[in-house]
Amino acid sequence: MAIPKAELHIHIEGTLEPELAFHLADRNGITLPHTDVQALREAYSFTDLQSFLNLYYELMDVLRTEADFHGLAEAYLTRAADQGVRHAEIFFDPQAHTGRGIPLDTVINGLASALDTSLERHNISTSLILCFLRDRPAQEAMDTLMAARPHLDRISAVGLDSAEVGNPPAKFTDVFAAAGDLGLRRVAHAGEEGPASYIWQALNLLGVERIDHGIRCLEDPELVSHLAATQIPLTVCPFSNVRLRAVNTLAEHPLPALMEAGLLVTVNSDDPSYFGGYVHDNYLGLQEHLGLDTEQLRALARNSFTASFLPAERRQALLAEVDAYTF
Ligand code: HPA
Ligand SMILES: [Zn+2]
């Protein structure tokens, strides 16, 4: 069994495997602009974040009913359990669905019905993180937050994703303040393709408790010192960074530099169906290509629970499992 870990940077829509996409297309009477599973997989060759997002949003069109969202989440949980995941804080992109006419209730009820039984069925505790699409207007994010109010018992936090460059965190200052007032935790993608200044903005203007990706912090020594001193976690996604060409190869990934600088680094899969592996596959990739030893992998697994929004009791219990794990 893989080492116990939390997954803190996983887009549920990014777990849509080609086989499930064709199955749902068939069930919903949709014709995909790809001939078969193999042709679709061959389209997974990206030059940057936007080239991935184009396919990511296109393929989501197969998600129409509560049963579709339930099936998507259930398929993820089944795979995650195999990867040693014991806790998952799962991003979803409501605007990507409401924008094409799918009611918010359909999305949340479908996902939640799978998450509700994940502890019993898969031994995985879960929560949802509602992400705003940063390439859409700030007012639309605010409308989405207001529409989600009846569902806040199932949502632990808000996040910020989609096309980063040109859409700085500052654009979402008001909606993040409103989310904080509603008692939600806050995280944001920053410093994936965007500059270190976006990380500062996410911290200072949005009040985030974690930075998603954040690898470009290394361009600003003062920021690195700040992240080390505050232990604000980074949810790093090595396979994603290579596939979206933020980093040339896994062997050149800055994760060891981030760890050496004393940052609270976690390893995550981002959009595993598109980027060549789930979260434990990322751990194994680091072992193979960056020479991380088993104690470094254990430290990353510990960090994943430390950086989570878990209540103290379950966090401590899971940390004890990490410490007792034998490779
Ligand atoms: O890696 C990502 N970055 C930004 N937005 C996203 N939406 C899904 N995956 C990503
Ligand atoms: Zn992401």
# chains A, B, ... in the order shown; residues from 1 in each chain; ligands from 1
$ select_by_dssp --residues "range 19-216 of chain A" --states "strand (DSSP E or B)" --output "JSON, numbers by chain"
{"A": [85, 86, 87, 88, 89, 90, 91, 92, 125, 126, 127, 128, 129, 130, 131, 132, 133, 155, 156, 157, 158, 159, 160, 161, 185, 186, 187, 188, 189, 190, 210, 211, 212, 213]}
$ select_by_dssp --residues "range 161-214 of chain A" --states "alpha helix (DSSP H)" --output "VMD selection string"
chain A and resid 173 to 181 196 to 204
$ write_last_selection --atoms "C-alpha atoms" --output "PDB file, in the first residue's frame"
ATOM      1  CA  THR A 173     -10.085  41.089  -3.565  1.00  0.00           C
ATOM      2  CA  ASP A 174     -13.778  41.765  -2.859  1.00  0.00           C
ATOM      3  CA  VAL A 175     -15.044  38.242  -3.457  1.00  0.00           C
ATOM      4  CA  PHE A 176     -12.324  36.715  -1.284  1.00  0.00           C
ATOM      5  CA  ALA A 177     -13.199  39.168   1.496  1.00  0.00           C
ATOM      6  CA  ALA A 178     -16.850  38.135   1.166  1.00  0.00           C
ATOM      7  CA  ALA A 179     -15.865  34.455   1.287  1.00  0.00           C
ATOM      8  CA  GLY A 180     -13.881  35.108   4.463  1.00  0.00           C
ATOM      9  CA  ASP A 181     -16.918  36.829   5.979  1.00  0.00           C
ATOM     10  CA  ALA A 196       6.081  36.072  -7.853  1.00  0.00           C
ATOM     11  CA  SER A 197       4.158  39.342  -7.397  1.00  0.00           C
ATOM     12  CA  TYR A 198       0.910  37.364  -7.875  1.00  0.00           C
ATOM     13  CA  ILE A 199       1.893  35.236  -4.859  1.00  0.00           C
ATOM     14  CA  TRP A 200       2.370  38.381  -2.769  1.00  0.00           C
ATOM     15  CA  GLN A 201      -1.052  39.605  -3.935  1.00  0.00           C
ATOM     16  CA  ALA A 202      -2.717  36.315  -3.049  1.00  0.00           C
ATOM     17  CA  LEU A 203      -1.228  36.535   0.454  1.00  0.00           C
ATOM     18  CA  ASN A 204      -1.736  40.232   1.096  1.00  0.00           C
TER      19      ASN A 204
END
$ residues_around --residues "Arg302 in chain A" --least-positions-apart "5" --cutoff "12 Å" --atoms "only C-alpha atoms" --output "number ranges by chain"
A: 3-7, 264-267, 295-297, 307-308, 315-325
$ closest_atom_pairs --of "range 135-191 of chain A" --to "range 68-92 of chain A" --cutoff "10 Å" --atoms "only C-alpha atoms" --output "tab-separated table"
residue	atom	partner	partner_atom	distance
A:Ile155	CA	A:Ile90	CA	9.5
A:Ser156	CA	A:Glu89	CA	8.3
A:Ala157	CA	A:Glu89	CA	9.0
A:Val158	CA	A:Phe91	CA	8.6
A:Gly159	CA	A:Phe91	CA	7.6
A:Leu160	CA	A:Phe91	CA	9.5
A:Asp161	CA	A:Phe91	CA	9.3
$ residues_near_ligand --ligand "ligand 1" --cutoff "7 Å" --atoms "only C-alpha atoms and all ligand atoms" --output "NGL selection string"
:A and (11 or 14 or 49 or 53 or 161-164 or 189 or 240 or 270-271)
$ write_last_selection --atoms "N, CA and C atoms" --output "short mmCIF file (atom, residue, chain, number, x, y, z; two decimals), in the first residue's frame"
data_model
loop_
_atom_site.label_atom_id
_atom_site.label_comp_id
_atom_site.auth_asym_id
_atom_site.auth_seq_id
_atom_site.Cartn_x
_atom_site.Cartn_y
_atom_site.Cartn_z
N HIS A 11 -8.21 18.96 -9.20
CA HIS A 11 -9.44 19.50 -9.83
C HIS A 11 -10.29 18.30 -10.23
N GLY A 14 -10.51 17.54 -13.69
CA GLY A 14 -9.25 17.08 -14.26
C GLY A 14 -8.98 15.61 -14.00
N LEU A 49 -0.39 26.43 -20.16
CA LEU A 49 -1.64 26.26 -19.39
C LEU A 49 -2.87 26.42 -20.29
N LEU A 53 -6.17 24.11 -20.85
CA LEU A 53 -7.50 24.57 -20.43
C LEU A 53 -8.51 24.44 -21.58
N ASP A 161 -8.65 29.68 -9.97
CA ASP A 161 -7.90 28.94 -10.97
C ASP A 161 -8.19 29.45 -12.38
N SER A 162 -7.78 28.69 -13.38
CA SER A 162 -7.86 29.02 -14.81
C SER A 162 -6.71 29.95 -15.23
N ALA A 163 -6.84 30.63 -16.37
CA ALA A 163 -5.70 31.31 -17.01
C ALA A 163 -5.13 32.41 -16.12
N GLU A 164 -3.88 32.22 -15.69
CA GLU A 164 -3.33 33.08 -14.64
C GLU A 164 -2.81 34.43 -15.14
N HIS A 189 -4.49 29.65 -6.76
CA HIS A 189 -3.38 29.36 -7.66
C HIS A 189 -2.60 30.66 -7.87
N SER A 240 2.22 18.09 -13.54
CA SER A 240 1.52 19.19 -14.21
C SER A 240 2.51 20.22 -14.73
N ASP A 270 -3.00 17.69 -9.45
CA ASP A 270 -3.61 18.75 -10.26
C ASP A 270 -4.75 18.20 -11.15
N ASP A 271 -4.40 17.69 -12.33
CA ASP A 271 -5.39 17.15 -13.27
C ASP A 271 -4.88 15.80 -13.76
#
$ atom_distance --atom1 "CA of Glu288 in chain A" --atom2 "CA of Glu192 in chain A"
23.2 Å
$ closest_residue --among "A:His9, A:Arg41, A:His97, A:His122" --to "ligand 2" --atoms "only C-alpha atoms and all ligand atoms"
A:His9
$ residues_around --residues "Gly262 in chain A" --least-positions-apart "2" --cutoff "12 Å" --atoms "only C-alpha atoms" --output "count of residues only"
21
$ closest_residue --among "A:Asp135, A:Ile10, A:Leu119, A:Ala301" --to "ligand 2" --atoms "only C-alpha atoms and all ligand atoms"
A:Ile10
$ closest_residue --among "A:Thr326, A:Ser273, A:Gln287, A:Thr106" --to "Thr15 in chain A" --atoms "only C-alpha atoms"
A:Ser273
$ residues_around --residues "range 60-65 of chain A" --least-positions-apart "3" --cutoff "12 Å" --atoms "only C-alpha atoms" --output "number ranges by chain"
A: 11-33, 53-57, 68-73, 92-111
$ residues_around --residues "Pro137 in chain A" --least-positions-apart "4" --cutoff "10 Å" --atoms "only C-alpha atoms" --output "list in words"
Phe132, Leu133, Ala141, Met142, Asn167, Lys171 and Phe172 of chain A
$ closest_residue --among "A:Asp143, A:Asp116, A:Asp153, A:Asp293" --to "Ile129 in chain A" --atoms "only C-alpha atoms"
A:Asp153
